[in-house]
Amino acid sequence: MSIEEFKFSTKTILIEKKEDISSSYKIKAYNTKLKFMEERKIPQKPINDVLNELFLKNNYISNNTKNSISKIIYSQKTRILILITNSGKDIIINRDRLVRDFGWFFFIQKSEKKEKVSKEKKSKRREEKKKEITIQKENYQFKDLVISVKEKENMRSLYHTKEYRHYLKIIKSQNITQVPAKEVLDDFFNKDKLVPIEEKKGIRKIIYYQKEKVIVIKSLIGDEMYENLENLVKKYGWYFYITGVPVGDSELCIAIDKIEKRFNENYFTNISLISEEGNSKDIRVTIYPIVLKPNHNSHILGLGKLNILLDCGLSPEKTEKETEEIKEEQEVQEEKDVEEREEKEIIDEEVTEGDLRYIEEYLQTLPQLIIEEEKTRNDEVIEKTEVISSGTIPQNPKIDAIFVSHSHWDHIGGLKEIIKLYPDIPILSSHITMDLFLLRDSKFLKQENHEEIEEEEYQNIIKNVIYVENGTKIEFKEKDCFLSFFHAGHMPGALMMLAKVNNFRLLYTGDYTYNDITPFAGTKRYLEQISRPIDYLLIDGTSAREDFGNISDQFHSLILFLEQKAEYGDNSLIGADPSSLAISFMLTFWRYFRKLQLRRDYKNRPNIYVDMMVRKNIQVINHRYEYIHGPISRLIRDKANPFNSIKFRWFDHDSLDFLRKKNNIIISHPPDLSYGLIRKIINSVGRNPHNFIFLAGSIHESPGLELVEGAEEIEFSETWKMPFRALLLNTFAPNIKIKLHADKNQLREMIKALDPKEVCFFHQSAKKLIDVVEYIKELGVEKVSLPKKRQLSILN
């Protein structure tokens with residue numbers, strides 16, 4: 001062992017050399033990276049070169065991180081560099097890149113001294129922190145309303161806001177008498193004229209803390225209460241903390257959890273990928289794209305004799321009426337050029353018959369498909385009898401499982417019909433994916449009784465589900481053959497699937513986002529869990545040729561417009577689809593304006609109105625928060641749930657009175673204004689030149705399509721037209737794009753992190769991906785391909 005010093009900036013870093021390193025540092029990630037370095041023959045740079053380049057030349061590790069490093073321990077033999085620092089996040093995020101650049105594994109260890117102090121502080125805080133205690137409970141009768149009232153001690157830190165301290169100072173400095181709590185309630189509900197009766201009727205729960213002089217009001221609305229907060233404080237000697245009513249758990253989730261499952265999590269353990277005469281070392285991996293349209297997606301993954309359907313965004317057979325409507329649409333499109341018709345997906349006779357028939361076609365022709373592909377690969381004639389007798393061709397193939405990556409229609413739309421055709425197929429899906437699918441697709445919300453799922457076809461779907469989440473591993477009978485699942489970003493519940501067969505690894509991303517989008521995490525921090533190398537990466541190409549820029553900058557630019565409108569009391573409409581994007585908007589806006597209020601005493605904080613369908617989605621998230629990846633999960637767990645804010649208001653067809661009020665942000669769907677409540681809303685908001693509108697997400701239909709192309713009039717129907725005068729951000733600042741798909745920049749980071757040998761795109765037309773293919777090749781990928789519809793490819 002030897003100890004040296006390295007000088008960086010104004011500090012001296014101790015460098016300690018060891019012959020070997022404790023096994024505690026040889027974690028799974030280290031073993032994976034060591035194998036990667038050996039397979040790719042990445043040279044191990046001398047330690048002095050590593051230090052000089054890392055500290056003096058490297059530009060992707062921040063100076064703050066470099067300055068935080070107090071000591072480095074290294075072992076030439078094991079290729080490990082241990083960095084002692086309390087700010088090592090930067091290193092962990094860029095670990096793959098550091099491995100490639102230096103040929104060393106970078107391990108982060110916190111400073112023992114600081115860690116000890118931190119633990120002591122935490123322990124002391126825990127001791128000092130007293131548990132909140134309920135002293136008494138009672139009900140208060142107001143009109144026809146029964147309000148729950150609780151007295152508690154040891155007020156939660158959540159209520160110790162800057163605003164609270166401000167008003168407590170007023171109470172103390174002006175010697176304001178604290179009126180007894182029961183007298184406050186009697187006077188407030190029966191005599192006080194500051195707050196209108198309708199607002200008082202919105203109150204559902206009251207908690208008060210005698211010692212801290214705080215009354216917590218949980219209400220559906222509280223505009224006038226907040227407007228008159230100072231008057232209420234001076235009148236009663238209490239600070240009123242005004243918050244919303246909890247969104248609650250999801251009745252749908254509760255009903256789903258009651259359904260008994262057909263398959264347990266060990267179902268596949270005794271299932272073999274090969275026939276009796278087959279060889280476990282020669283398991284064939286194949287891929288067969290069924291549909292390749294931007295709004296449909298489905299592949300069949302062959303693992304030996306097993307066939308797994310990767311998503312089921314398939315069109316069912318059309319009815320006669322639907323076929324007639326399609327023909328009429330086709331006639332309208334006849335005059336448009338061929339490329340535009342392809343992009344708009346004019347539905348021909350093939351599509352009217354539906355896509356599901358291609359599954360059966362695949363199963364019936366699979367032996368021949370394999371033979372033909374083998375001929376193409378080997379460039380020689382192979383006798384059919386010889387191939388079949390070898391035991392490598394599946395006999396009587398069937399669909400053995402369905403993997404549903406997430407709940408968007410273009411990935412799950414055909415599930416109901418598939419289960420009708422094949423009622424005993426296991427479905428691999430996350431909890432939230434199934435919840436959101438039934439929420440949108442079933443008639444549960446229209447049921448009179450919400451205690452159970454009444455529709456038998458949806459009961460059958462849930463019975464077949466084997467739930468998988470981030471980190472789940474499903475093993476087969478053959479050793480070293482398994483499926484594993486990883487968080488995909490994009491939306492709650494979305495998963496990627498890794499299929500490993502011996503030494504071959506295929507990763508199917510589904511739709512993904514690499515970057516975090518408030519409040520949901522992207523794939524960025526989860527890619528480290530995926531074993532390497534990736535031999536075949538089947539990746540979403542929806543927005544692969546677009547450049548969205550920095551997502552934080554995009555949100556910030558949007559918020560600046562919203563803040564300007566809030567200053568003048570104007571209304572803003574955000575057309576957002578899907579619901580997860582609407583949730584991202586509402587929480588981002590809420591957090592920004594709340595910070596303004598708390599830090600700068602901002603007086604124009606807008607109410608945020610969101611449609612009821614989004615609220616149902618939020619209830620699912622609230623119920624399944626342990627399966628959510630991102631900060632929202634921790635907030636819900638710690639009972640600091642932002643969804644409960646009084647600034648969030650929920651509306652439906654019968655509650656649009658707020659459109660007559662000022663200073664609101666309204667979030668509804670769909671962004672192309674093609675149906676639903678948003679038509680009524682834009683009919684009001686869109687007429688005023690002072691109002692602001694942003695249509696986010698995919699816009700494929702009228703009248704939204706015409707609007708973003710510069711139309712000055714909206715035509716909903718022959719008898720319903722309106723002039724459009726509001727500021728449309730899509731045309732005023734077309735560079736602002738916020739979507740839940742990965743753009744070119746996020747694609748690049750995925751490729752760098754996963755380092756795949758072959759990349760294949762789906763979810764976008766080949767014409768739009770030609771430039772992207774060349775771009776990926778420039779990143780060093782050996783092979784980049786575009787899938788061919790209903791053509792089998794052997795991958796290993």
# chains A, B, ... in the order shown; residues from 1 in each chain; ligands from 1
$ residues_around --residues "Phe589 in chain A" --least-positions-apart "5" --cutoff "12 Å" --atoms "only C-alpha atoms" --output "ChimeraX atom specification"
/A:518-519,555-563,566,572,574,582-584,594-596,605-609,642,647-648,664-667
$ residues_around --residues "Ala696 in chain A" --least-positions-apart "4" --cutoff "10 Å" --atoms "only C-alpha atoms" --output "ChimeraX atom specification"
/A:574-578,581-582,585,669-672,729-730,736-740
$ write_last_selection --atoms "N, CA and C atoms" --output "short mmCIF file (atom, residue, chain, number, x, y, z; two decimals), in the first residue's frame"
data_model
loop_
_atom_site.label_atom_id
_atom_site.label_comp_id
_atom_site.auth_asym_id
_atom_site.auth_seq_id
_atom_site.Cartn_x
_atom_site.Cartn_y
_atom_site.Cartn_z
N ILE A 574 -54.59 24.73 -21.50
CA ILE A 574 -53.60 23.77 -21.98
C ILE A 574 -54.35 22.53 -22.45
N GLY A 575 -54.29 22.28 -23.75
CA GLY A 575 -54.88 21.05 -24.28
C GLY A 575 -53.84 19.94 -24.21
N ALA A 576 -54.05 18.95 -23.33
CA ALA A 576 -53.02 17.94 -23.08
C ALA A 576 -53.58 16.54 -23.17
N ASP A 577 -52.89 15.69 -23.85
CA ASP A 577 -53.25 14.28 -23.94
C ASP A 577 -51.95 13.51 -24.12
N PRO A 578 -51.68 12.44 -23.40
CA PRO A 578 -52.57 11.71 -22.51
C PRO A 578 -52.66 12.34 -21.12
N LEU A 581 -49.53 13.42 -19.23
CA LEU A 581 -48.96 14.72 -19.60
C LEU A 581 -49.73 15.83 -18.89
N ALA A 582 -51.05 15.68 -18.79
CA ALA A 582 -51.86 16.66 -18.06
C ALA A 582 -51.41 16.73 -16.59
N PHE A 585 -48.17 18.67 -16.32
CA PHE A 585 -48.44 20.10 -16.40
C PHE A 585 -48.98 20.64 -15.07
N HIS A 669 -58.55 17.78 -22.43
CA HIS A 669 -58.09 16.99 -23.57
C HIS A 669 -59.25 16.78 -24.54
N PRO A 670 -58.99 16.37 -25.81
CA PRO A 670 -57.67 16.17 -26.42
C PRO A 670 -57.15 17.47 -27.03
N PRO A 671 -55.84 17.56 -27.32
CA PRO A 671 -55.28 18.81 -27.83
C PRO A 671 -55.74 19.16 -29.25
N ASP A 672 -56.26 18.19 -30.00
CA ASP A 672 -56.73 18.54 -31.35
C ASP A 672 -58.19 19.01 -31.34
N LEU A 729 -49.81 29.59 -28.48
CA LEU A 729 -48.38 29.44 -28.33
C LEU A 729 -47.78 28.57 -29.43
N ASN A 730 -48.54 27.62 -29.95
CA ASN A 730 -48.03 26.72 -30.99
C ASN A 730 -47.56 27.48 -32.22
N ILE A 736 -41.39 25.56 -28.82
CA ILE A 736 -41.76 24.95 -27.54
C ILE A 736 -42.55 23.67 -27.81
N LYS A 737 -41.93 22.54 -27.52
CA LYS A 737 -42.55 21.24 -27.75
C LYS A 737 -42.40 20.40 -26.49
N ILE A 738 -43.51 19.91 -25.98
CA ILE A 738 -43.48 19.06 -24.79
C ILE A 738 -44.27 17.80 -25.10
N LYS A 739 -43.56 16.71 -25.23
CA LYS A 739 -44.18 15.43 -25.56
C LYS A 739 -43.64 14.34 -24.65
N LEU A 740 -44.40 13.26 -24.54
CA LEU A 740 -44.00 12.14 -23.70
C LEU A 740 -43.32 11.04 -24.51
#
$ closest_residue --among "A:Asn571, A:Asn683, A:Asn59, A:Ser580" --to "Ile517 in chain A" --atoms "only C-alpha atoms"
A:Ser580
$ closest_residue --among "A:Ser87, A:Ile80, A:Ser62, A:Met750" --to "Lys524 in chain A" --atoms "only C-alpha atoms"
A:Met750
$ select_by_dssp --residues "range 436-578 of chain A" --states "helix (DSSP H, G or I)" --output "PyMOL selection string"
chain A and resi 436-441+444-446+456-463+527-529+551-567
$ write_last_selection --atoms "C-alpha atoms" --output "tab-separated table (two decimals), in the first residue's frame"
chain	number	residue	atom	x	y	z
A	436	LEU	CA	-55.52	2.74	-16.43
A	437	PHE	CA	-56.61	0.41	-19.23
A	438	LEU	CA	-59.81	-0.56	-17.40
A	439	LEU	CA	-60.38	3.02	-16.29
A	440	ARG	CA	-60.49	4.18	-19.90
A	441	ASP	CA	-61.80	1.11	-21.73
A	444	PHE	CA	-66.71	0.66	-14.59
A	445	LEU	CA	-67.30	4.39	-14.07
A	446	LYS	CA	-70.87	3.99	-15.39
A	456	GLU	CA	-66.97	-10.48	-17.58
A	457	GLU	CA	-64.53	-9.78	-20.44
A	458	TYR	CA	-62.52	-7.42	-18.21
A	459	GLN	CA	-62.67	-9.86	-15.31
A	460	ASN	CA	-61.10	-12.44	-17.62
A	461	ILE	CA	-58.31	-10.05	-18.59
A	462	ILE	CA	-57.41	-9.34	-14.95
A	463	LYS	CA	-57.56	-13.04	-14.09
A	527	LEU	CA	-30.47	1.75	-17.08
A	528	GLU	CA	-27.68	0.70	-14.71
A	529	GLN	CA	-29.88	-2.23	-13.65
A	551	ILE	CA	-37.25	19.75	-21.20
A	552	SER	CA	-36.72	22.07	-18.21
A	553	ASP	CA	-36.20	25.02	-20.55
A	554	GLN	CA	-39.36	24.11	-22.45
A	555	PHE	CA	-41.45	24.04	-19.27
A	556	HIS	CA	-39.87	27.26	-18.04
A	557	SER	CA	-40.67	29.08	-21.29
A	558	LEU	CA	-44.28	27.91	-21.06
A	559	ILE	CA	-44.54	29.00	-17.41
A	560	LEU	CA	-43.30	32.51	-18.21
A	561	PHE	CA	-46.30	32.97	-20.51
A	562	LEU	CA	-48.63	31.62	-17.81
A	563	GLU	CA	-47.16	33.95	-15.20
A	564	GLN	CA	-47.66	36.94	-17.46
A	565	LYS	CA	-51.32	35.99	-17.97
A	566	ALA	CA	-51.78	35.45	-14.22
A	567	GLU	CA	-50.46	38.97	-13.56
$ atom_distance --atom1 "CA of Phe658 in chain A" --atom2 "CA of Met722 in chain A"
20.2 Å
$ residues_around --residues "Ser68 in chain A" --least-positions-apart "3" --cutoff "7 Å" --atoms "only C-alpha atoms" --output "PyMOL selection string"
chain A and resi 64-65+85-87
$ select_by_dssp --residues "range 544-739 of chain A" --states "strand (DSSP E)" --output "PyMOL selection string"
chain A and resi 572-576+607-611+648-651+664-668+692-696+713-717+720-723+727-728
$ closest_residue --among "A:Val685, A:Met497, A:Met37, A:Leu232" --to "Arg97 in chain A" --atoms "only C-alpha atoms"
A:Met37
